[in-house]
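Coordinates from final-v3.cif are shown below (mmCIF, C-alpha atoms).
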data_work
#
loop_
_atom_site.label_atom_id
_atom_site.label_comp_id
_atom_site.auth_asym_id
_atom_site.auth_seq_id
_atom_site.Cartn_x
_atom_site.Cartn_y
_atom_site.Cartn_z
CA MET X 1 38.15 -84.25 25.12
CA VAL X 2 38.33 -86.97 27.71
CA ILE X 3 37.17 -85.92 31.17
CA ARG X 4 38.45 -87.83 34.18
CA LEU X 5 36.94 -87.29 37.61
CA SER X 6 38.52 -87.91 40.99
CA GLY X 7 37.16 -90.81 43.00
CA THR X 8 34.83 -88.77 45.19
CA LEU X 9 32.92 -87.61 42.11
CA LEU X 10 32.62 -90.99 40.41
CA ARG X 11 29.33 -91.90 42.06
CA PHE X 12 27.73 -88.99 40.22
CA VAL X 13 28.67 -90.49 36.82
CA ASP X 14 27.94 -94.12 37.61
CA TYR X 15 31.60 -94.89 38.23
CA GLN X 16 32.92 -94.09 34.77
CA LYS X 17 36.55 -93.14 35.20
CA GLU X 18 36.74 -91.48 31.77
CA LEU X 19 34.01 -89.70 29.83
CA ARG X 20 34.43 -88.60 26.23
CA VAL X 21 32.80 -85.25 25.50
CA ASP X 22 32.76 -83.42 22.18
CA ALA X 23 32.99 -79.65 22.61
CA PRO X 24 35.31 -76.93 21.29
CA THR X 25 36.10 -75.37 24.67
CA LEU X 26 36.73 -76.61 28.18
CA LYS X 27 33.77 -74.69 29.57
CA GLU X 28 31.38 -76.16 27.00
CA GLY X 29 32.74 -79.62 27.65
CA ILE X 30 32.06 -79.33 31.36
CA THR X 31 28.62 -77.92 30.59
CA HIS X 32 27.84 -80.94 28.40
CA LEU X 33 29.01 -83.24 31.19
CA VAL X 34 26.77 -81.51 33.71
CA GLU X 35 23.79 -81.65 31.36
CA GLN X 36 24.23 -85.40 31.18
CA TYR X 37 25.01 -85.84 34.88
CA PRO X 38 23.35 -83.00 36.84
CA ASP X 39 24.66 -84.22 40.21
CA VAL X 40 28.20 -83.46 39.03
CA GLY X 41 27.11 -79.86 38.61
CA LYS X 42 25.84 -79.72 42.18
CA ALA X 43 29.22 -80.94 43.36
CA LEU X 44 31.31 -78.70 41.12
CA PHE X 45 29.53 -75.37 41.03
CA ASP X 46 28.62 -72.88 43.74
CA LYS X 47 25.40 -70.88 43.85
CA VAL X 48 26.59 -68.40 41.23
CA GLY X 49 27.78 -71.09 38.85
CA GLN X 50 31.50 -70.80 39.58
CA ILE X 51 33.64 -73.88 40.11
CA ARG X 52 34.12 -74.25 43.85
CA ALA X 53 37.52 -73.51 45.39
CA SER X 54 37.53 -77.10 46.62
CA HIS X 55 37.98 -78.41 43.08
CA ARG X 56 40.74 -78.02 40.51
CA VAL X 57 40.71 -78.46 36.75
CA PHE X 58 43.71 -79.62 34.76
CA VAL X 59 44.23 -80.01 31.01
CA ASN X 60 46.93 -82.51 30.11
CA GLY X 61 48.29 -82.13 33.62
CA ASP X 62 48.45 -78.32 33.61
CA PRO X 63 46.22 -76.43 36.05
CA VAL X 64 43.56 -74.17 34.53
CA GLU X 65 42.52 -70.97 36.29
CA LYS X 66 38.83 -70.23 36.49
CA ALA X 67 39.30 -67.27 34.18
CA ASN X 68 40.65 -69.59 31.47
CA LEU X 69 37.85 -72.14 31.35
CA GLY X 70 36.86 -70.77 27.96
CA ARG X 71 40.08 -72.06 26.42
CA ASP X 72 40.00 -74.33 23.40
CA VAL X 73 40.50 -78.04 23.84
CA GLY X 74 41.05 -80.76 21.28
CA GLY X 75 39.52 -84.18 20.95
CA GLU X 76 42.52 -85.93 22.50
CA ASP X 77 43.05 -83.53 25.38
CA ILE X 78 42.73 -85.04 28.85
CA VAL X 79 40.78 -82.99 31.39
CA ASP X 80 41.12 -83.92 35.05
CA ILE X 81 38.65 -82.58 37.59
CA VAL X 82 40.09 -83.13 41.03
CA THR X 83 38.68 -82.69 44.51
CA ALA X 84 41.38 -81.10 46.67
CA VAL X 85 40.29 -82.77 49.87
CA THR X 86 37.11 -84.06 51.44
CA GLY X 87 36.20 -84.14 55.05
CA GLY X 88 35.88 -87.24 57.08
CA MET M 1 42.66 -81.87 80.34
CA ARG M 2 39.70 -84.20 80.06
CA THR M 3 40.25 -87.83 79.18
CA LEU M 4 37.92 -90.56 78.04
CA SER M 5 38.54 -94.23 78.70
CA PHE M 6 36.98 -97.25 77.08
CA GLU M 7 37.77 -100.90 76.38
CA LEU M 8 38.43 -102.68 73.12
CA LEU M 9 38.42 -106.44 72.70
CA PRO M 10 41.14 -107.39 70.23
CA ASP M 11 40.68 -110.55 68.22
CA VAL M 12 43.04 -112.75 66.25
CA GLY M 13 42.93 -110.32 63.34
CA SER M 14 44.13 -107.46 65.52
CA PHE M 15 47.63 -108.91 65.87
CA THR M 16 50.67 -109.93 63.88
CA PRO M 17 52.70 -112.74 65.49
CA LEU M 18 54.67 -110.00 67.25
CA GLN M 19 52.33 -107.18 68.26
CA LEU M 20 49.10 -105.27 67.82
CA LYS M 21 48.74 -104.12 64.23
CA PRO M 22 49.18 -100.40 63.59
CA THR M 23 45.71 -100.40 61.98
CA PHE M 24 44.17 -101.50 65.30
CA ILE M 25 45.97 -98.75 67.20
CA LEU M 26 45.25 -95.99 64.68
CA SER M 27 41.64 -97.05 64.38
CA GLY M 28 41.31 -97.07 68.17
CA ALA M 29 42.81 -93.60 68.41
CA PHE M 30 40.64 -92.21 65.63
CA SER M 31 37.40 -93.67 66.93
CA GLY M 32 38.49 -92.62 70.41
CA SER M 33 38.66 -89.06 69.13
CA HIS M 34 35.05 -89.33 67.94
CA ARG M 35 34.01 -90.81 71.29
CA TRP M 36 35.72 -87.98 73.15
CA SER M 37 34.06 -85.37 70.96
CA ARG M 38 30.65 -86.94 71.42
CA ALA M 39 31.08 -87.22 75.20
CA TYR M 40 32.34 -83.68 75.76
CA GLY M 41 30.95 -81.66 72.90
CA ILE M 42 29.27 -82.71 69.74
CA SER M 43 29.11 -85.85 67.63
CA HIS M 44 31.07 -86.03 64.40
CA GLN M 45 27.88 -86.33 62.38
CA ALA M 46 26.46 -83.23 64.02
CA MET M 47 29.69 -81.37 63.35
CA ILE M 48 29.28 -82.05 59.65
CA ARG M 49 25.55 -81.43 59.57
CA GLU M 50 25.29 -78.38 61.81
CA LEU M 51 28.74 -76.78 61.86
CA HIS M 52 29.84 -77.77 58.33
CA THR M 53 33.10 -78.92 59.84
CA ALA M 54 35.01 -82.13 59.24
CA PHE M 55 38.58 -83.29 59.81
CA VAL M 56 41.47 -84.74 57.89
CA VAL M 57 44.50 -86.41 59.47
CA HIS M 58 47.77 -84.60 58.69
CA VAL M 59 50.35 -86.32 60.91
CA GLY M 60 50.23 -89.57 62.85
CA LYS M 61 52.47 -91.49 65.20
CA VAL M 62 52.42 -94.90 66.85
CA LYS M 63 54.93 -95.92 69.49
CA TYR M 64 55.10 -99.44 70.88
CA LEU M 65 56.09 -99.53 74.55
CA GLU M 66 55.93 -103.11 75.76
CA ARG M 67 55.65 -106.61 74.33
CA TYR M 68 51.99 -107.49 73.89
CA VAL M 69 50.87 -110.46 71.80
CA TYR M 70 47.61 -112.28 71.24
CA ASP M 71 48.20 -114.79 74.02
CA ASP M 72 48.31 -111.89 76.51
CA ALA M 73 45.26 -110.18 75.11
CA ASP M 74 42.08 -110.25 77.07
CA LYS M 75 41.11 -106.64 76.57
CA VAL M 76 42.78 -103.34 75.82
CA GLY M 77 42.06 -100.23 77.84
CA VAL M 78 42.19 -97.07 75.74
CA THR M 79 42.50 -93.58 77.22
CA VAL M 80 42.06 -90.63 74.88
CA ASN M 81 42.45 -86.91 75.22
CA ARG M 82 42.20 -84.10 72.70
CA ARG M 83 43.62 -80.59 72.67
CA VAL M 84 43.31 -77.68 70.30
CA LEU M 85 46.56 -76.38 68.79
CA ARG M 86 47.39 -73.28 66.76
CA ASP M 87 44.31 -71.60 68.24
CA GLY M 88 41.96 -73.91 66.40
CA ALA M 89 43.83 -74.73 63.19
CA GLN M 90 44.85 -78.17 64.49
CA VAL M 91 43.58 -80.72 66.98
CA GLU M 92 45.84 -83.30 68.60
CA VAL M 93 44.42 -86.66 69.61
CA ARG M 94 46.46 -88.72 72.05
CA ALA M 95 45.59 -92.30 72.86
CA THR M 96 47.24 -94.72 75.25
CA PHE M 97 46.61 -98.46 75.03
CA GLU M 98 47.01 -100.50 78.21
CA SER M 99 47.04 -104.27 78.67
CA ARG M 100 45.90 -103.61 82.25
CA PRO M 101 45.78 -100.48 84.36
CA GLY M 102 49.23 -98.91 84.60
CA HIS M 103 50.75 -101.08 81.84
CA PRO M 104 50.77 -99.14 78.57
CA VAL M 105 51.68 -101.25 75.56
CA ALA M 106 51.38 -98.58 72.86
CA GLU M 107 50.55 -94.94 72.39
CA SER M 108 49.41 -92.94 69.41
CA SER M 109 49.15 -89.30 68.48
CA LEU M 110 47.22 -87.80 65.57
CA CYS M 111 47.29 -84.24 64.29
CA VAL M 112 43.96 -83.59 62.61
CA VAL M 113 43.17 -80.46 60.65
CA PRO M 114 39.67 -79.02 60.68
CA LEU M 115 38.02 -78.39 57.34
CA SER M 116 35.13 -76.21 56.35
CA VAL M 117 32.77 -78.34 54.29
CA VAL M 118 31.45 -76.64 51.16
CA GLU M 119 27.77 -75.95 51.64
CA GLY M 120 25.62 -78.46 49.81
CA SER M 121 28.55 -80.69 48.87
CA ALA M 122 27.38 -84.30 48.90
CA GLU M 123 30.95 -85.58 48.69
CA LEU M 124 32.05 -83.28 51.57
CA ALA M 125 34.49 -81.27 49.48
CA ALA M 126 36.18 -78.95 51.91
CA LEU M 127 38.89 -76.42 52.57
CA PRO M 128 41.11 -76.03 55.64
CA ALA M 129 39.61 -73.59 58.15
CA PRO M 130 39.99 -73.09 61.90
CA LEU M 131 37.48 -74.70 64.21
CA PRO M 132 34.29 -72.64 64.44
CA ASP M 133 33.83 -70.72 67.69
CA THR M 134 30.78 -72.81 68.55
CA TYR M 135 32.96 -75.90 68.70
CA LEU M 136 35.98 -74.20 70.28
CA GLN M 137 33.75 -73.25 73.20
CA GLU M 138 33.28 -76.94 73.96
CA PHE M 139 36.96 -77.17 74.93
CA GLU M 140 38.20 -76.16 78.35
CA PRO M 141 40.82 -73.39 78.51
CA SER M 142 43.40 -75.99 79.56
CA GLU M 143 42.80 -77.78 76.26
CA ILE M 144 43.50 -74.81 73.95
CA PHE M 145 47.07 -74.00 72.94
CA HIS M 146 48.78 -71.52 70.67
CA GLU M 147 51.69 -73.73 69.65
CA PRO M 148 51.62 -76.04 66.60
CA TYR M 149 51.68 -79.83 66.60
CA PRO M 150 55.25 -81.08 67.14
CA SER M 151 55.55 -82.81 63.79
CA PRO M 152 58.68 -84.94 63.32
CA PHE M 153 58.62 -84.12 59.59
CA PRO M 154 60.68 -83.23 57.61
CA GLY M 155 63.53 -83.62 60.11
CA VAL M 156 62.96 -87.32 60.65
CA LEU M 157 63.45 -88.06 56.95
CA ARG M 158 66.61 -86.00 56.67
CA GLU M 159 68.08 -87.73 59.70
CA ILE M 160 67.36 -91.21 58.37
CA VAL M 161 68.58 -90.56 54.84
CA GLU M 162 71.71 -88.68 55.85
CA SER M 163 72.86 -90.90 58.70
CA GLY M 164 71.57 -94.30 57.62
CA GLU M 165 73.08 -96.90 55.31
CA LEU M 166 70.82 -97.68 52.37
CA LEU M 167 70.01 -101.40 52.46
CA GLY M 168 67.61 -101.62 49.55
CA SER M 169 64.79 -100.04 47.61
CA TYR M 170 61.61 -101.35 46.09
CA GLU M 171 58.44 -100.13 44.39
CA HIS M 172 55.10 -101.78 44.93
CA PRO M 173 51.89 -100.75 43.12
CA PHE M 174 48.51 -100.42 44.77
CA PHE M 175 44.96 -99.69 43.73
CA VAL M 176 42.48 -97.87 45.97
CA HIS M 177 39.36 -100.00 46.45
CA ARG M 178 36.18 -98.79 48.09
CA GLN M 179 36.87 -101.05 51.07
CA GLN M 180 39.90 -98.84 51.75
CA CYS M 181 37.91 -95.61 51.64
CA GLU M 182 35.87 -93.48 54.00
CA PHE M 183 32.19 -93.02 53.31
CA VAL M 184 32.89 -90.30 50.71
CA ASP M 185 35.20 -92.51 48.61
CA GLN M 186 38.35 -90.78 49.87
CA TRP M 187 40.95 -93.21 51.20
CA PHE M 188 40.89 -93.89 54.91
CA PHE M 189 44.25 -92.65 56.21
CA ILE M 190 44.90 -95.88 58.07
CA GLU M 191 45.24 -97.73 54.76
CA SER M 192 48.56 -95.96 54.20
CA THR M 193 50.10 -98.36 56.70
CA VAL M 194 48.72 -101.33 54.78
CA PHE M 195 50.13 -100.13 51.44
CA ALA M 196 53.50 -99.44 53.08
CA ALA M 197 53.59 -102.79 54.85
CA ALA M 198 52.79 -104.60 51.60
CA SER M 199 55.76 -102.95 49.91
CA ARG M 200 58.06 -103.71 52.84
CA GLU M 201 57.04 -107.34 52.96
CA ARG M 202 57.49 -107.72 49.23
CA MET M 203 60.93 -106.13 49.53
CA VAL M 204 61.84 -108.66 52.23
CA PHE M 205 60.48 -111.49 50.08
CA GLU M 206 62.40 -110.40 46.98
CA GLN M 207 65.66 -109.15 48.52
CA GLY M 208 65.87 -110.67 51.99
CA ALA M 209 68.12 -113.54 50.90
CA LYS M 210 70.82 -111.18 49.67
CA LYS M 211 70.31 -108.56 52.40
CA PRO M 212 69.52 -110.44 55.64
CA ALA M 213 69.17 -107.17 57.59
CA LEU M 214 66.03 -106.43 55.59
CA ARG M 215 64.35 -109.43 57.21
CA ARG M 216 64.24 -107.51 60.49
CA GLY M 217 61.27 -105.79 58.87
CA LEU M 218 59.35 -108.99 59.54
CA SER M 219 61.25 -110.80 62.27
CA LEU M 220 61.29 -107.92 64.76
CA PRO M 221 58.31 -106.04 66.15
CA MET M 222 57.84 -102.51 64.90
CA ARG M 223 59.05 -99.92 67.41
CA GLU M 224 57.67 -96.71 65.96
CA LEU M 225 55.60 -95.52 63.03
CA ASP M 226 55.47 -91.95 61.70
CA LEU M 227 52.91 -90.83 59.13
CA LEU M 228 52.59 -87.64 57.09
CA TYR M 229 49.65 -86.91 54.81
CA SER M 230 49.91 -84.20 52.16
CA ARG M 231 46.94 -85.01 49.95
CA PRO M 232 44.44 -87.85 49.76
CA PHE M 233 43.99 -90.73 47.38
CA TYR M 234 40.54 -91.48 46.06
CA LEU M 235 38.54 -94.46 44.84
CA PHE M 236 40.09 -96.07 41.73
CA ASP M 237 43.38 -94.21 42.15
CA GLN M 238 46.42 -96.22 41.21
CA GLY M 239 49.49 -95.56 43.28
CA ARG M 240 52.90 -96.85 44.11
CA ALA M 241 54.79 -97.27 47.36
CA LYS M 242 58.36 -96.17 46.70
CA SER M 243 60.18 -97.82 49.54
CA ARG M 244 63.72 -97.57 50.87
CA ALA M 245 65.29 -99.42 53.78
CA PHE M 246 68.09 -97.98 55.90
CA ARG M 247 70.28 -99.37 58.63
CA SER M 248 70.48 -96.89 61.48
CA GLN M 249 72.10 -96.99 64.91
CA GLU M 250 68.76 -98.03 66.38
CA GLY M 251 67.91 -100.75 63.87
CA VAL M 252 66.32 -100.93 60.45
CA VAL M 253 64.08 -98.16 59.16
CA PHE M 254 61.75 -98.37 56.17
CA VAL M 255 60.72 -95.14 54.44
CA HIS M 256 57.78 -95.31 52.06
CA GLU M 257 56.60 -92.54 49.76
CA LEU M 258 53.07 -93.16 48.49
CA VAL M 259 52.75 -91.51 45.09
CA LYS M 260 49.99 -91.47 42.53
CA GLU M 261 50.76 -93.25 39.27
CA GLY M 262 52.25 -90.72 36.87
CA SER M 263 53.22 -88.28 39.62
CA THR M 264 56.35 -87.81 41.70
CA ASP M 265 55.00 -85.79 44.62
CA PRO M 266 54.21 -88.09 47.54
CA HIS M 267 50.66 -88.00 48.85
CA ALA M 268 51.83 -89.60 52.06
CA LEU M 269 55.00 -90.68 53.85
CA VAL M 270 55.24 -93.71 56.09
CA VAL M 271 58.30 -94.32 58.28
CA GLU M 272 58.50 -97.69 60.03
CA ARG M 273 61.21 -98.38 62.62
CA PHE M 274 62.15 -101.92 63.61
#

structure tokens encoding of this file:
Amino acid sequence: MVIRLSGTLLRFVDYQKELRVDAPTLKEGITHLVEQYPDVGKALFDKVGQIRASHRVFVNGDPVEKANLGRDVGGEDIVDIVTAVTGG
Amino acid sequence: MRTLSFELLPDVGSFTPLQLKPTFILSGAFSGSHRWSRAYGISHQAMIRELHTAFVVHVGKVKYLERYVYDDADKVGVTVNRRVLRDGAQVEVRATFESRPGHPVAESSLCVVPLSVVEGSAELAALPAPLPDTYLQEFEPSEIFHEPYPSPFPGVLREIVESGELLGSYEHPFFVHRQQCEFVDQWFFIESTVFAAASRERMVFEQGAKKPALRRGLSLPMRELDLLYSRPFYLFDQGRAKSRAFRSQEGVVFVHELVKEGSTDPHALVVERF
């Protein structure tokens, strides 16, 4: 899968707009990403390891509910992780 | 209602040939809001650090009142007040810009929405939430209202589209650079006016010969500017200003929808009246 992060998260992956991750499921793909870039995990997950309500995950443009993060994804699927809004 | 007054010294970059730039006015209003908060309550940095509260601009307005060009500009007096609306779900910032005491040249209003910053979030990810009681207590009773912000949207769009004559349309791409972002790499709302103006000017450049009325978008000073923000852009986002120009009874109006590349839902709307 190809993971794309919204601009507020790019500094945690050294400004790579797209990251290719090999994993059979969405959840494992995000886990691999976080293993490689731990600061992304601090931004994405709350204290109990759930994705924060302030972030949304999309696969090929379709929103994914938290309960469905274990879904399969293919090598060409595009995963977008989007910050809803940040304060300023 | 408490006000705060301060002076700004505009420079040559603060003006077009015809007037103060909207970016100068919006920036003055926004920083004026921070000054007011610091003077009468708590600094913005402390709000984030101690109250886990930040703001995002939802609606904005600029109204030009009197001719004011660089030759006239020695200093600008800014007077700001803030009031809580919807019992803490919105804050209105009002700013008046005067060339000298008693001579307002422009005024601005911003509707800002408080956000609850996610604990431990370095990028200040947040969700809308009413102002915390600790901060509400900093306002005087005369500054707290139940009613919502009087947003001109969506009525203003319907009125323009239904009653105006379409003069032209244009699409202009943009890319969000870090220089256009706040400190967390989310776009700074003021940049919406720059993206919209770029599309308008390009429309005038490309189509102004065939549609002379379009050229009023450069030859006349702007009268009013309305802004609506639905969702932010971020660093490296590619977007497009989808612009339309209408002839109305009052003059020429440019309506810009700022959309993300590949999407149709506007992140922001910019309405410029000339």

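Residue nearest X:Ala84 within the list X:Asn60, X:Gln16, X:Ser54, X:Asn68: X:Ser54 [criterion: smallest interatomic distance, only C-alpha atoms].
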
Residue list for chain M near chain X as a ChimeraX atom specification, 8 Å, only C-alpha atoms: /M:53-56,115,117-118,120-127,182-186,231-232,234-237

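One finds atom CA of M:Leu225 at 29.0 Å from atom CA of M:Tyr40.
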
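Around the coordinate (46.8, -109.0, 65.6), residues that reach within 12 Å when counting all atoms listed in the file are Leu9, Pro10, Asp11, Val12, Gly13, Ser14, Phe15, Thr16, Pro17, Leu18, Gln19, Leu20, Lys21, Pro22, Thr23, Phe24, Ile25, Tyr68, Val69, Tyr70, Asp71, Asp72, Ala73 and Pro221 of chain M.
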
Ground truth for the PyMOL selection byres ((chain M and resi 99-102) around 8), written as a list in words: Tyr68, Ala73, Asp74, Lys75, Val76, Gly77, Phe97, Glu98, His103, Pro104 and Val105 of chain M

Output the residue selection produced by the PyMOL selection byres ((chain X and resi 24) around 12) on the file above, formatted as a short mmCIF file (atom, residue, chain, number, x, y, z; two decimals) with C-alpha atoms, in the coordinates of the input.
data_model
loop_
_atom_site.label_atom_id
_atom_site.label_comp_id
_atom_site.auth_asym_id
_atom_site.auth_seq_id
_atom_site.Cartn_x
_atom_site.Cartn_y
_atom_site.Cartn_z
CA MET X 1 38.15 -84.25 25.12
CA VAL X 21 32.80 -85.25 25.50
CA ASP X 22 32.76 -83.42 22.18
CA ALA X 23 32.99 -79.65 22.61
CA THR X 25 36.10 -75.37 24.67
CA LEU X 26 36.73 -76.61 28.18
CA LYS X 27 33.77 -74.69 29.57
CA GLU X 28 31.38 -76.16 27.00
CA GLY X 29 32.74 -79.62 27.65
CA ILE X 30 32.06 -79.33 31.36
CA THR X 31 28.62 -77.92 30.59
CA HIS X 32 27.84 -80.94 28.40
CA LEU X 69 37.85 -72.14 31.35
CA GLY X 70 36.86 -70.77 27.96
CA ARG X 71 40.08 -72.06 26.42
CA ASP X 72 40.00 -74.33 23.40
CA VAL X 73 40.50 -78.04 23.84
CA GLY X 74 41.05 -80.76 21.28
CA GLY X 75 39.52 -84.18 20.95
CA GLU X 76 42.52 -85.93 22.50
CA ASP X 77 43.05 -83.53 25.38
#

Output of the PyMOL selection byres ((chain M and resi 258-272) around 6), listed as a VMD selection string: chain M and resid 225 to 231 238 to 241 253 to 257 273

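Atom pair atom CA of M:Thr3 / atom CA of M:Gly60: separated by 19.2 Å.
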
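With all atoms listed in the file taken into account, the protein and nucleic acid residues at most 6 Å from X:Asp80 (excluding it and anything under 4 positions from it in its own chain) are X:Ile3, X:Arg4, X:Leu5, X:Val57, X:Phe58.
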